[in-house]
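Printed here is target.txt (compact mmCIF, C-alpha atoms):
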# COMPACT_ATOMS: atom_id res chain seq x y z
CA MET Q 1 -41.42 33.50 8.30
CA ASP Q 2 -41.02 31.31 5.19
CA ASN Q 3 -38.19 33.50 3.92
CA LYS Q 4 -36.36 33.28 7.23
CA TYR Q 5 -36.79 29.50 7.20
CA ALA Q 6 -35.38 29.28 3.67
CA ALA Q 7 -32.44 31.50 4.57
CA VAL Q 8 -31.61 29.40 7.62
CA MET Q 9 -31.86 26.18 5.60
CA GLU Q 10 -29.60 27.59 2.89
CA LEU Q 11 -27.01 28.63 5.47
CA LEU Q 12 -27.27 25.26 7.21
CA LEU Q 13 -26.73 23.38 3.93
CA GLU Q 14 -23.74 25.55 3.16
CA VAL Q 15 -22.22 24.81 6.58
CA LEU Q 16 -22.95 21.10 6.22
CA ASN Q 17 -21.43 20.94 2.73
CA ASP Q 18 -18.34 22.86 3.73
CA GLY Q 19 -15.63 20.32 4.30
CA LYS Q 20 -17.69 17.75 2.41
CA ASN Q 21 -18.27 17.62 -1.33
CA GLY Q 22 -19.46 21.17 -1.52
CA GLY Q 23 -15.87 22.18 -0.78
CA ASN Q 24 -12.89 20.74 -2.61
CA GLU Q 25 -12.91 17.45 -0.71
CA ILE Q 26 -13.20 14.38 -2.93
CA PRO Q 27 -14.47 11.05 -1.51
CA VAL Q 28 -12.16 8.03 -1.80
CA GLY Q 29 -13.26 4.74 -3.41
CA ILE Q 30 -11.01 1.73 -2.71
CA SER Q 31 -10.71 -1.15 -5.20
CA ASN Q 32 -9.45 -4.62 -4.46
CA ARG Q 33 -8.24 -6.86 -7.31
CA HIS Q 34 -11.08 -7.53 -9.79
CA ILE Q 35 -11.89 -8.62 -13.32
CA HIS Q 36 -13.86 -7.14 -16.23
CA LEU Q 37 -14.80 -9.75 -18.86
CA SER Q 38 -15.68 -9.69 -22.54
CA GLN Q 39 -18.78 -11.74 -23.45
CA ALA Q 40 -16.54 -14.18 -25.40
CA ASP Q 41 -14.39 -14.84 -22.32
CA LEU Q 42 -17.48 -15.01 -20.07
CA ASP Q 43 -18.87 -17.68 -22.41
CA ALA Q 44 -15.61 -19.66 -22.33
CA LEU Q 45 -15.38 -19.49 -18.52
CA PHE Q 46 -19.04 -19.98 -17.52
CA GLY Q 47 -20.72 -21.51 -20.59
CA ALA Q 48 -22.18 -20.10 -23.83
CA GLY Q 49 -24.60 -17.19 -23.37
CA TYR Q 50 -23.93 -16.89 -19.63
CA GLN Q 51 -25.28 -13.76 -17.90
CA LEU Q 52 -23.54 -12.18 -14.89
CA THR Q 53 -25.50 -11.96 -11.61
CA LYS Q 54 -25.48 -8.51 -9.98
CA ILE Q 55 -25.10 -8.54 -6.19
CA LYS Q 56 -24.28 -4.87 -5.51
CA ASP Q 57 -24.29 -1.57 -7.36
CA LEU Q 58 -20.97 0.31 -7.33
CA SER Q 59 -20.67 4.06 -6.93
CA GLN Q 60 -20.09 4.64 -10.65
CA PRO Q 61 -23.47 4.60 -12.45
CA GLY Q 62 -24.19 1.28 -14.26
CA GLN Q 63 -21.23 -0.58 -12.70
CA TYR Q 64 -21.85 -3.48 -10.32
CA ALA Q 65 -20.18 -6.31 -8.40
CA CYS Q 66 -21.21 -9.81 -9.51
CA LYS Q 67 -21.82 -13.04 -7.62
CA GLU Q 68 -19.27 -14.72 -9.90
CA THR Q 69 -15.55 -14.99 -9.12
CA LEU Q 70 -12.59 -16.52 -10.95
CA THR Q 71 -9.15 -17.89 -10.18
CA ILE Q 72 -6.24 -15.94 -11.68
CA ALA Q 73 -3.17 -18.09 -12.35
CA GLY Q 74 0.39 -17.12 -13.31
CA PRO Q 75 3.66 -19.05 -13.66
CA LYS Q 76 4.35 -18.95 -9.90
CA GLY Q 77 0.90 -19.33 -8.34
CA ALA Q 78 -2.81 -18.60 -8.29
CA ILE Q 79 -5.20 -16.23 -6.55
CA GLU Q 80 -8.70 -17.58 -5.94
CA LYS Q 81 -12.09 -15.90 -5.66
CA VAL Q 82 -11.28 -12.74 -7.61
CA ARG Q 83 -14.52 -10.78 -8.05
CA ILE Q 84 -15.97 -10.08 -11.52
CA LEU Q 85 -17.43 -6.59 -12.07
CA GLY Q 86 -20.22 -6.03 -14.57
CA PRO Q 87 -21.43 -5.27 -17.12
CA VAL Q 88 -19.34 -7.14 -19.73
CA ARG Q 89 -16.88 -4.96 -21.64
CA LYS Q 90 -15.40 -4.96 -25.12
CA GLU Q 91 -12.12 -6.33 -23.76
CA THR Q 92 -11.22 -8.47 -20.75
CA GLN Q 93 -9.20 -6.56 -18.17
CA ILE Q 94 -7.67 -8.01 -14.99
CA GLU Q 95 -6.85 -5.42 -12.32
CA VAL Q 96 -4.45 -6.80 -9.69
CA LEU Q 97 -2.53 -5.30 -6.79
CA ALA Q 98 1.19 -4.59 -7.18
CA GLY Q 99 1.81 -7.14 -4.40
CA ASP Q 100 0.00 -9.87 -6.35
CA SER Q 101 2.94 -10.05 -8.76
CA PHE Q 102 4.97 -12.05 -6.20
CA LYS Q 103 2.27 -14.71 -5.85
CA LEU Q 104 1.40 -14.87 -9.56
CA GLY Q 105 4.90 -14.49 -10.97
CA ALA Q 106 3.44 -11.88 -13.33
CA SER Q 107 3.32 -8.09 -12.95
CA GLY Q 108 0.48 -5.89 -14.09
CA ALA Q 109 1.43 -2.71 -15.95
CA VAL Q 110 0.38 0.55 -14.24
CA ARG Q 111 -2.33 1.65 -16.69
CA MET Q 112 -5.66 3.41 -16.94
CA SER Q 113 -8.68 1.19 -17.53
CA GLY Q 114 -8.97 0.31 -21.24
CA ASP Q 115 -5.35 1.16 -22.08
CA LEU Q 116 -4.27 -2.45 -22.55
CA ALA Q 117 -1.91 -2.46 -25.57
CA GLY Q 118 1.32 -4.22 -24.65
CA THR Q 119 0.18 -5.33 -21.17
CA PRO Q 120 0.91 -8.93 -20.07
CA GLY Q 121 -1.59 -11.78 -20.36
CA ILE Q 122 -2.66 -14.13 -17.56
CA THR Q 123 -4.71 -17.32 -17.12
CA LEU Q 124 -8.33 -17.10 -15.90
CA ILE Q 125 -9.96 -20.25 -14.56
CA GLY Q 126 -13.75 -20.55 -14.32
CA PRO Q 127 -16.26 -23.34 -13.61
CA LYS Q 128 -16.68 -24.28 -17.29
CA GLY Q 129 -13.23 -23.62 -18.72
CA SER Q 130 -10.12 -21.47 -18.67
CA VAL Q 131 -8.84 -18.62 -20.83
CA GLN Q 132 -5.26 -17.54 -21.50
CA THR Q 133 -5.59 -13.79 -22.15
CA LYS Q 134 -3.15 -12.22 -24.65
CA GLU Q 135 -3.08 -9.01 -22.63
CA GLY Q 136 -5.11 -7.12 -20.01
CA LEU Q 137 -3.17 -7.59 -16.75
CA ILE Q 138 -2.90 -4.15 -15.18
CA VAL Q 139 -2.36 -2.39 -11.87
CA ALA Q 140 -4.89 0.45 -12.00
CA GLN Q 141 -3.47 3.95 -12.31
CA ARG Q 142 -5.09 6.05 -9.59
CA HIS Q 143 -7.73 8.39 -11.01
CA ILE Q 144 -10.60 10.68 -10.11
CA HIS Q 145 -14.07 10.24 -11.64
CA MET Q 146 -16.13 13.41 -11.86
CA THR Q 147 -18.75 15.22 -13.93
CA LEU Q 148 -17.78 18.03 -16.28
CA ALA Q 149 -19.42 20.39 -13.77
CA ASP Q 150 -17.17 19.02 -10.98
CA ALA Q 151 -14.14 19.45 -13.26
CA SER Q 152 -15.04 23.05 -13.95
CA ARG Q 153 -15.56 23.74 -10.24
CA LEU Q 154 -12.26 22.05 -9.32
CA GLY Q 155 -10.30 23.76 -12.11
CA VAL Q 156 -9.30 20.60 -13.99
CA LYS Q 157 -10.31 18.89 -17.25
CA ASN Q 158 -10.66 15.36 -18.57
CA GLY Q 159 -7.23 13.79 -19.16
CA ASP Q 160 -5.34 16.05 -16.75
CA ILE Q 161 -2.75 14.42 -14.50
CA VAL Q 162 -2.77 15.91 -11.00
CA ASP Q 163 -1.32 15.44 -7.53
CA ILE Q 164 -3.59 14.71 -4.58
CA LYS Q 165 -3.08 15.59 -0.93
CA VAL Q 166 -3.70 12.96 1.77
CA THR Q 167 -3.88 14.05 5.41
CA GLY Q 168 -3.39 11.95 8.56
CA PRO Q 169 -0.49 10.05 10.18
CA ARG Q 170 0.32 8.25 6.91
CA GLY Q 171 -0.41 11.29 4.75
CA GLY Q 172 1.48 12.79 1.85
CA VAL Q 173 1.02 13.68 -1.80
CA LEU Q 174 0.34 11.13 -4.56
CA SER Q 175 1.37 12.08 -8.08
CA ASN Q 176 0.16 10.86 -11.49
CA VAL Q 177 -3.55 10.85 -10.66
CA ALA Q 178 -5.64 10.95 -13.85
CA ILE Q 179 -8.79 13.06 -14.19
CA ARG Q 180 -11.71 11.17 -15.79
CA ALA Q 181 -14.48 13.69 -16.37
CA ASN Q 182 -17.71 12.99 -18.25
CA ASP Q 183 -21.43 13.55 -17.83
CA SER Q 184 -22.25 10.35 -15.99
CA SER Q 185 -19.61 9.94 -13.28
CA ALA Q 186 -19.93 10.13 -9.51
CA LEU Q 187 -17.21 12.26 -7.87
CA GLU Q 188 -14.73 9.75 -6.45
CA CYS Q 189 -10.97 9.21 -6.28
CA HIS Q 190 -10.20 5.57 -7.09
CA ILE Q 191 -7.19 3.96 -5.48
CA ASP Q 192 -6.46 0.32 -4.69
CA THR Q 193 -6.22 -1.36 -1.29
CA GLU Q 194 -2.42 -1.14 -1.13
CA GLU Q 195 -2.42 2.58 -1.92
CA ALA Q 196 -5.21 3.09 0.64
CA ASN Q 197 -3.47 1.09 3.39
CA GLY Q 198 -0.07 2.62 2.67
CA LEU Q 199 -1.51 6.13 2.98
CA GLY Q 200 -3.92 5.38 5.86
CA LEU Q 201 -7.05 5.98 3.76
CA THR Q 202 -10.43 4.30 4.28
CA SER Q 203 -13.70 4.39 2.35
CA LYS Q 204 -14.72 7.28 4.62
CA SER Q 205 -11.66 9.39 3.75
CA THR Q 206 -11.48 12.35 1.42
CA ILE Q 207 -8.57 13.86 -0.52
CA THR Q 208 -7.99 17.18 -2.24
CA ILE Q 209 -6.38 18.06 -5.56
CA VAL Q 210 -3.08 19.95 -5.11
CA LYS Q 211 -3.00 23.09 -7.22
CA MET W 1 52.09 7.44 -12.00
CA ASP W 2 50.78 6.32 -8.60
CA ASN W 3 49.37 9.78 -7.97
CA LYS W 4 47.61 9.84 -11.32
CA TYR W 5 46.16 6.38 -10.63
CA ALA W 6 44.89 7.50 -7.22
CA ALA W 7 43.35 10.65 -8.70
CA VAL W 8 41.57 8.66 -11.41
CA MET W 9 40.25 6.13 -8.87
CA GLU W 10 38.99 8.92 -6.62
CA LEU W 11 37.17 10.58 -9.53
CA LEU W 12 35.75 7.24 -10.64
CA LEU W 13 34.44 6.48 -7.15
CA GLU W 14 32.87 9.92 -6.99
CA VAL W 15 31.11 9.37 -10.34
CA LEU W 16 29.96 5.88 -9.32
CA ASN W 17 28.66 7.10 -5.97
CA ASP W 18 26.83 10.05 -7.47
CA GLY W 19 23.18 9.06 -7.67
CA LYS W 20 23.85 6.23 -5.24
CA ASN W 21 24.46 6.57 -1.52
CA GLY W 22 27.24 9.04 -1.97
CA GLY W 23 24.57 11.49 -3.12
CA ASN W 24 21.34 12.07 -1.24
CA GLU W 25 19.69 8.84 -2.40
CA ILE W 26 18.60 6.55 0.45
CA PRO W 27 18.05 2.81 -0.15
CA VAL W 28 14.61 1.40 0.64
CA GLY W 29 14.08 -1.58 2.97
CA ILE W 30 10.63 -3.20 2.82
CA SER W 31 9.14 -4.97 5.86
CA ASN W 32 6.32 -7.49 5.82
CA ARG W 33 4.37 -8.20 9.01
CA HIS W 34 6.66 -9.60 11.72
CA ILE W 35 7.04 -10.16 15.45
CA HIS W 36 9.63 -9.22 18.08
CA LEU W 37 9.35 -11.33 21.26
CA SER W 38 10.34 -10.90 24.88
CA GLN W 39 12.13 -13.94 26.37
CA ALA W 40 9.13 -14.52 28.67
CA ASP W 41 6.74 -14.71 25.70
CA LEU W 42 9.24 -16.81 23.71
CA ASP W 43 9.32 -19.26 26.66
CA ALA W 44 5.50 -19.39 26.81
CA LEU W 45 5.17 -19.98 23.06
CA PHE W 46 8.09 -22.35 22.38
CA GLY W 47 9.00 -23.80 25.80
CA ALA W 48 11.13 -22.61 28.74
CA GLY W 49 14.62 -21.37 27.80
CA TYR W 50 13.97 -21.60 24.05
CA GLN W 51 16.55 -19.95 21.78
CA LEU W 52 15.63 -18.42 18.40
CA THR W 53 17.27 -19.87 15.27
CA LYS W 54 18.81 -17.28 12.94
CA ILE W 55 18.25 -17.93 9.23
CA LYS W 56 19.25 -14.57 7.73
CA ASP W 57 20.94 -11.36 8.83
CA LEU W 58 18.94 -8.19 8.20
CA SER W 59 20.45 -4.94 6.99
CA GLN W 60 20.42 -3.36 10.46
CA PRO W 61 23.45 -4.64 12.42
CA GLY W 62 22.60 -7.40 14.93
CA GLN W 63 19.04 -7.91 13.65
CA TYR W 64 18.07 -11.19 11.99
CA ALA W 65 15.14 -13.22 10.63
CA CYS W 66 14.42 -16.44 12.51
CA LYS W 67 13.31 -19.89 11.41
CA GLU W 68 10.39 -19.61 13.85
CA THR W 69 6.96 -18.24 12.92
CA LEU W 70 3.73 -17.72 14.88
CA THR W 71 0.02 -17.42 14.22
CA ILE W 72 -1.50 -14.04 15.11
CA ALA W 73 -5.20 -14.27 16.05
CA GLY W 74 -7.78 -11.52 16.57
CA PRO W 75 -11.55 -11.54 17.16
CA LYS W 76 -12.32 -11.94 13.43
CA GLY W 77 -9.58 -14.24 12.20
CA ALA W 78 -5.97 -15.41 12.18
CA ILE W 79 -2.84 -14.90 10.10
CA GLU W 80 -0.46 -17.85 9.99
CA LYS W 81 3.31 -18.09 9.55
CA VAL W 82 4.23 -14.60 10.73
CA ARG W 83 8.03 -14.39 10.93
CA ILE W 84 9.82 -13.74 14.22
CA LEU W 85 12.80 -11.35 14.10
CA GLY W 86 15.64 -11.67 16.58
CA PRO W 87 17.22 -11.05 18.98
CA VAL W 88 14.63 -11.07 21.79
CA ARG W 89 13.62 -7.64 23.07
CA LYS W 90 12.50 -6.17 26.35
CA GLU W 91 8.89 -6.08 25.13
CA THR W 92 6.93 -8.11 22.62
CA GLN W 93 5.92 -6.08 19.58
CA ILE W 94 3.72 -7.26 16.71
CA GLU W 95 4.08 -5.24 13.50
CA VAL W 96 1.19 -5.83 11.11
CA LEU W 97 0.06 -4.27 7.84
CA ALA W 98 -2.83 -1.81 7.86
CA GLY W 99 -4.75 -4.27 5.67
CA ASP W 100 -4.36 -7.04 8.24
CA SER W 101 -6.90 -5.27 10.47
CA PHE W 102 -9.76 -6.57 8.29
CA LYS W 103 -8.69 -10.18 8.69
CA LEU W 104 -7.80 -9.93 12.39
CA GLY W 105 -10.61 -7.63 13.48
CA ALA W 106 -7.96 -5.60 15.31
CA SER W 107 -6.06 -2.52 14.12
CA GLY W 108 -2.46 -1.75 14.90
CA ALA W 109 -1.68 1.80 15.99
CA VAL W 110 0.72 3.70 13.69
CA ARG W 111 3.75 3.88 15.99
CA MET W 112 7.51 3.83 16.03
CA SER W 113 9.15 0.63 17.26
CA GLY W 114 9.18 0.53 21.08
CA ASP W 115 6.45 3.18 21.51
CA LEU W 116 3.83 0.71 22.69
CA ALA W 117 1.91 2.48 25.49
CA GLY W 118 -1.82 2.31 24.81
CA THR W 119 -1.54 0.09 21.72
CA PRO W 120 -3.95 -2.87 21.37
CA GLY W 121 -3.13 -6.42 22.41
CA ILE W 122 -3.46 -9.54 20.25
CA THR W 123 -3.20 -13.32 20.61
CA LEU W 124 0.00 -15.12 19.58
CA ILE W 125 -0.15 -18.88 19.04
CA GLY W 126 3.01 -20.99 19.09
CA PRO W 127 3.85 -24.71 19.14
CA LYS W 128 3.95 -24.92 22.96
CA GLY W 129 1.34 -22.40 24.03
CA SER W 130 -0.37 -19.10 23.33
CA VAL W 131 -0.01 -15.60 24.73
CA GLN W 132 -2.58 -12.82 24.96
CA THR W 133 -0.48 -9.65 24.81
CA LYS W 134 -1.74 -6.63 26.76
CA GLU W 135 -0.36 -4.27 24.11
CA GLY W 136 2.18 -4.21 21.27
CA LEU W 137 0.08 -4.39 18.08
CA ILE W 138 1.40 -1.66 15.79
CA VAL W 139 1.59 -0.61 12.15
CA ALA W 140 5.16 0.64 11.81
CA GLN W 141 5.61 4.35 11.29
CA ARG W 142 7.89 4.79 8.28
CA HIS W 143 11.38 5.82 9.30
CA ILE W 144 14.96 6.19 8.10
CA HIS W 145 17.87 4.51 9.88
CA MET W 146 21.21 6.26 9.53
CA THR W 147 24.48 6.99 11.30
CA LEU W 148 25.10 10.37 12.93
CA ALA W 149 27.53 11.05 10.06
CA ASP W 150 24.76 10.35 7.51
CA ALA W 151 22.43 12.65 9.48
CA SER W 152 24.97 15.43 9.44
CA ARG W 153 25.57 14.97 5.69
CA LEU W 154 21.81 14.90 4.97
CA GLY W 155 21.05 17.89 7.21
CA VAL W 156 18.75 16.09 9.67
CA LYS W 157 19.01 14.87 13.27
CA ASN W 158 17.72 11.98 15.34
CA GLY W 159 14.00 12.41 16.05
CA ASP W 160 13.27 14.72 13.11
CA ILE W 161 10.10 14.09 11.13
CA VAL W 162 10.64 14.58 7.40
CA ASP W 163 8.95 14.14 4.03
CA ILE W 164 10.44 11.78 1.44
CA LYS W 165 10.19 12.00 -2.35
CA VAL W 166 9.33 8.90 -4.36
CA THR W 167 9.81 8.94 -8.15
CA GLY W 168 8.20 6.71 -10.80
CA PRO W 169 4.66 6.13 -12.12
CA ARG W 170 3.28 5.71 -8.58
CA GLY W 171 5.49 8.39 -7.11
CA GLY W 172 4.71 11.20 -4.71
CA VAL W 173 5.72 12.51 -1.31
CA LEU W 174 5.27 10.61 1.97
CA SER W 175 5.01 12.68 5.16
CA ASN W 176 5.70 11.79 8.80
CA VAL W 177 8.90 9.83 8.20
CA ALA W 178 10.95 9.61 11.41
CA ILE W 179 14.74 9.97 11.46
CA ARG W 180 16.49 7.31 13.60
CA ALA W 181 20.16 8.26 13.79
CA ASN W 182 22.77 6.54 15.95
CA ASP W 183 26.25 5.14 15.62
CA SER W 184 25.37 1.63 14.57
CA SER W 185 22.68 1.95 11.86
CA ALA W 186 22.84 1.15 8.17
CA LEU W 187 21.38 3.90 5.95
CA GLU W 188 17.94 2.64 4.96
CA CYS W 189 14.37 3.95 4.69
CA HIS W 190 12.00 1.39 6.23
CA ILE W 191 8.49 1.12 4.83
CA ASP W 192 6.08 -1.81 4.80
CA THR W 193 4.87 -3.84 1.83
CA GLU W 194 1.64 -1.88 1.42
CA GLU W 195 3.46 1.45 1.38
CA ALA W 196 6.00 0.00 -1.07
CA ASN W 197 3.38 -1.47 -3.41
CA GLY W 198 1.17 1.62 -3.23
CA LEU W 199 4.10 3.86 -4.20
CA GLY W 200 5.68 1.44 -6.71
CA LEU W 201 8.83 0.92 -4.63
CA THR W 202 10.96 -2.24 -4.57
CA SER W 203 13.99 -3.31 -2.52
CA LYS W 204 16.12 -1.83 -5.33
CA SER W 205 14.49 1.62 -5.09
CA THR W 206 15.89 4.72 -3.47
CA ILE W 207 14.17 7.80 -2.08
CA THR W 208 15.34 11.29 -1.13
CA ILE W 209 14.51 13.52 1.83
CA VAL W 210 12.53 16.61 0.81
CA LYS W 211 14.08 19.78 2.19

Could you express the structure from this file as C-alpha cells?
Amino acid sequence: MDNKYAAVMELLLEVLNDGKNGGNEIPVGISNRHIHLSQADLDALFGAGYQLTKIKDLSQPGQYACKETLTIAGPKGAIEKVRILGPVRKETQIEVLAGDSFKLGASGAVRMSGDLAGTPGITLIGPKGSVQTKEGLIVAQRHIHMTLADASRLGVKNGDIVDIKVTGPRGGVLSNVAIRANDSSALECHIDTEEANGLGLTSKSTITIVK
Amino acid sequence: MDNKYAAVMELLLEVLNDGKNGGNEIPVGISNRHIHLSQADLDALFGAGYQLTKIKDLSQPGQYACKETLTIAGPKGAIEKVRILGPVRKETQIEVLAGDSFKLGASGAVRMSGDLAGTPGITLIGPKGSVQTKEGLIVAQRHIHMTLADASRLGVKNGDIVDIKVTGPRGGVLSNVAIRANDSSALECHIDTEEANGLGLTSKSTITIVK
C-alpha cells in the first residue's frame, strides 16, 4: 500500500511539474525603474550612517524592496518616488525604463547590472541632500537568473546570450538575453515593465529558451 | 551625355534606396495612447456640433492629431490629456497601452482598429460632459500599413499575419503583426510606445518582415 501511494505521488508530482518549472518553462519577473545605492550615496541622500528599511523580500535571495524612494532628475525633467532596492552595493546603479529618457532628457545604456563603465550619470534627490552620479544610468539588459543545476538542465552556462520564446497574442522571440547562473539564484527571467507590456507578459507568465 | 546622366542618376537612386524603403526595410511609426471619437460622443464631450481642431498631419493620409484631449477614467484611476485623433469615426475607440490597465483598473483587449465587439467600455471626460462607452477600449494589435503595390513587392496580402524582425541590442522577432494593404496607405509598421521601448525601436528605426 505504501509503495503504491509513493508511486502515485511521484507520478502526480511529475504531472504537476510538467509545464511548470520541472519542464523548460522559466517564470518571468518584471522590474519597474529602481535604484541600488552605495553606502556613501545613501549617507549623502538620507544622512550619515543611514540604514535602509526593508518592506518586502524579492525573489532573488538577499534582495529586498525598501521603504525609501528618491527623485531622479535629468536636464529635461524629474521622476519622483523611484524605489530603492537593498542591500547597499559597491556602486550606485539607476535602472530606468527606455521610455524614461524622454522625461529625463537622459538615456540609460542597455547594460547588465554592474557593467557601468561609460554609462551616463544622473541626479538623485533625497530628503537630506542630492547626488550627481558620474555614471550608473542603465536600462537593464534582459537576463535569466538560475542555479548551476538549472543551467545544466537547460543546456546553458553562465554568460551565455540566448533567445527566449514568448507565447500569446503579443508573443515573439526576444534576443540578447543573458544567462546569470550561480549557486544562490532563483530561476527567473528578468525583464522590465515596457518589455513585459510590449510582449503581453505578466508576473504569472513563463518563457522558454530557444535552442 | 543625357543618357549617361540618366543612367548614373538611376544607379545612384538604386544605391540610396537599398537598405531604405526601396529594399525590404519598413519604417516604424510609434503610437502613444489616443482616442478616436464618433460625432455623437464628440458632441457629448465638447458640445453639440463641435469640430475637432487639427494640429498635425499623421503619416497615414487623412489622419491627424487634434488640439483636443480627454481624461480616460476607470474604476481604479484616471489618465489625463489623452490626445484625440481625427477625423471622427463611426465608432469611438480608445487605444491604451497595456501598462495603463494598472492605473485605470481596466484592460484593453488586443485588437485591430475597428474590431470592437466584446471589448470593455471606459469613461471619457471632456470639458462639456462625460461619456461611458459600452465598448471600444483596446490595446492596438501591431500592424503594417502599405499599398497593394508594396504588398505585392513584399510578398504579402491584406489580412496576412506575419512576424517582423527587429535588430539592435533589444532586438528579436515579434509575431502576430497584421498586414493592412489598400490603395491609400503609407508604408509603416505601427507599434505602441511600450512595444517600441521594449524592443529598442525609435521613430527612425526600420523592421523587416520575416519570410

Expected answer as an mmCIF file with C-alpha atoms, in the frame of the given file: chain Q residues within 10 Å of chain W, all atoms listed in the file:
data_model
loop_
_atom_site.group_PDB
_atom_site.id
_atom_site.type_symbol
_atom_site.label_atom_id
_atom_site.label_comp_id
_atom_site.auth_asym_id
_atom_site.auth_seq_id
_atom_site.Cartn_x
_atom_site.Cartn_y
_atom_site.Cartn_z
ATOM 1 C CA LEU Q 97 -2.530 -5.300 -6.790
ATOM 2 C CA ALA Q 98 1.190 -4.590 -7.180
ATOM 3 C CA GLY Q 99 1.810 -7.140 -4.400
ATOM 4 C CA ASP Q 100 0.000 -9.870 -6.350
ATOM 5 C CA VAL Q 110 0.380 0.550 -14.240
ATOM 6 C CA ARG Q 111 -2.330 1.650 -16.690
ATOM 7 C CA GLN Q 141 -3.470 3.950 -12.310
ATOM 8 C CA ARG Q 142 -5.090 6.050 -9.590
ATOM 9 C CA ASP Q 163 -1.320 15.440 -7.530
ATOM 10 C CA ILE Q 164 -3.590 14.710 -4.580
ATOM 11 C CA LYS Q 165 -3.080 15.590 -0.930
ATOM 12 C CA VAL Q 166 -3.700 12.960 1.770
ATOM 13 C CA THR Q 167 -3.880 14.050 5.410
ATOM 14 C CA GLY Q 168 -3.390 11.950 8.560
ATOM 15 C CA PRO Q 169 -0.490 10.050 10.180
ATOM 16 C CA ARG Q 170 0.320 8.250 6.910
ATOM 17 C CA GLY Q 171 -0.410 11.290 4.750
ATOM 18 C CA GLY Q 172 1.480 12.790 1.850
ATOM 19 C CA VAL Q 173 1.020 13.680 -1.800
ATOM 20 C CA LEU Q 174 0.340 11.130 -4.560
ATOM 21 C CA SER Q 175 1.370 12.080 -8.080
ATOM 22 C CA ASN Q 176 0.160 10.860 -11.490
ATOM 23 C CA VAL Q 177 -3.550 10.850 -10.660
ATOM 24 C CA ILE Q 191 -7.190 3.960 -5.480
ATOM 25 C CA ASP Q 192 -6.460 0.320 -4.690
ATOM 26 C CA THR Q 193 -6.220 -1.360 -1.290
ATOM 27 C CA GLU Q 194 -2.420 -1.140 -1.130
ATOM 28 C CA GLU Q 195 -2.420 2.580 -1.920
ATOM 29 C CA ALA Q 196 -5.210 3.090 0.640
ATOM 30 C CA ASN Q 197 -3.470 1.090 3.390
ATOM 31 C CA GLY Q 198 -0.070 2.620 2.670
ATOM 32 C CA LEU Q 199 -1.510 6.130 2.980
ATOM 33 C CA GLY Q 200 -3.920 5.380 5.860
ATOM 34 C CA LEU Q 201 -7.050 5.980 3.760
#

Determine, counting all atoms listed in the file, which protein, DNA and RNA residues have an atom within 8 Å of an atom of Gly74 in chain W; residues of the same chain fewer than 3 positions away are not included. Present the result as a JSON list (two decimals) with C-alpha atoms, in the frame of the given file.
[["chain", "number", "residue", "atom", "x", "y", "z"],
["W", 77, "GLY", "CA", -9.58, -14.24, 12.20],
["W", 78, "ALA", "CA", -5.97, -15.41, 12.18],
["W", 104, "LEU", "CA", -7.80, -9.93, 12.39],
["W", 105, "GLY", "CA", -10.61, -7.63, 13.48],
["W", 106, "ALA", "CA", -7.96, -5.60, 15.31],
["W", 122, "ILE", "CA", -3.46, -9.54, 20.25],
["W", 123, "THR", "CA", -3.20, -13.32, 20.61]]

**All residues 8 Å or closer to range 33-43 of chain W, only C-alpha atoms, same chain fewer than 3 positions away omitted, as a count of residues only** = 23

**Request:** Figure out the distance between CA of Pro61 in chain W and CA of Ala117 in chain W, please, to one decimal in Å.
**Result:**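 Rounded to one decimal, the two atoms are 26.2 Å apart.
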
**Request:** Would you kindly return, as a PyMOL selection string, each protein, DNA or RNA residue with an atom no farther than 8 Å from any atom of Thr53 in chain Q, considering all atoms listed in the file and excluding same-chain residues fewer than 6 positions away?
**Result:** chain Q and resi 66-68

**Fill in**
Residue with the minimum atom-to-atom distance to Gly108 in chain Q, picked from Q:Leu70, Q:Ile79, Q:Val139, Q:Leu45 with all atoms listed in the file counted, is Q:Val139

**Request:** Please indicate the distance in Å from CA of Ala181 in chain W to CA of Leu137 in chain W, rounded to one decimal place.
**Result:**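 Between CA of Ala181 in chain W and CA of Leu137 in chain W the gap works out to 24.1 Å.
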
**Asked** When you draw a straight line from CA of Ile161 in chain Q to CA of His143 in chain Q, how long is it in Å?
**Response** 8.6 Å

**Asked** Looking at W:Asn158, W:Gly114, W:Ile179, W:Ala44, which one is nearest to Gln132 in chain W, with distances taken over all atoms listed in the file?
**Response**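 Nearest candidate to Gln132 in chain W out of W:Asn158, W:Gly114, W:Ile179, W:Ala44: W:Ala44.
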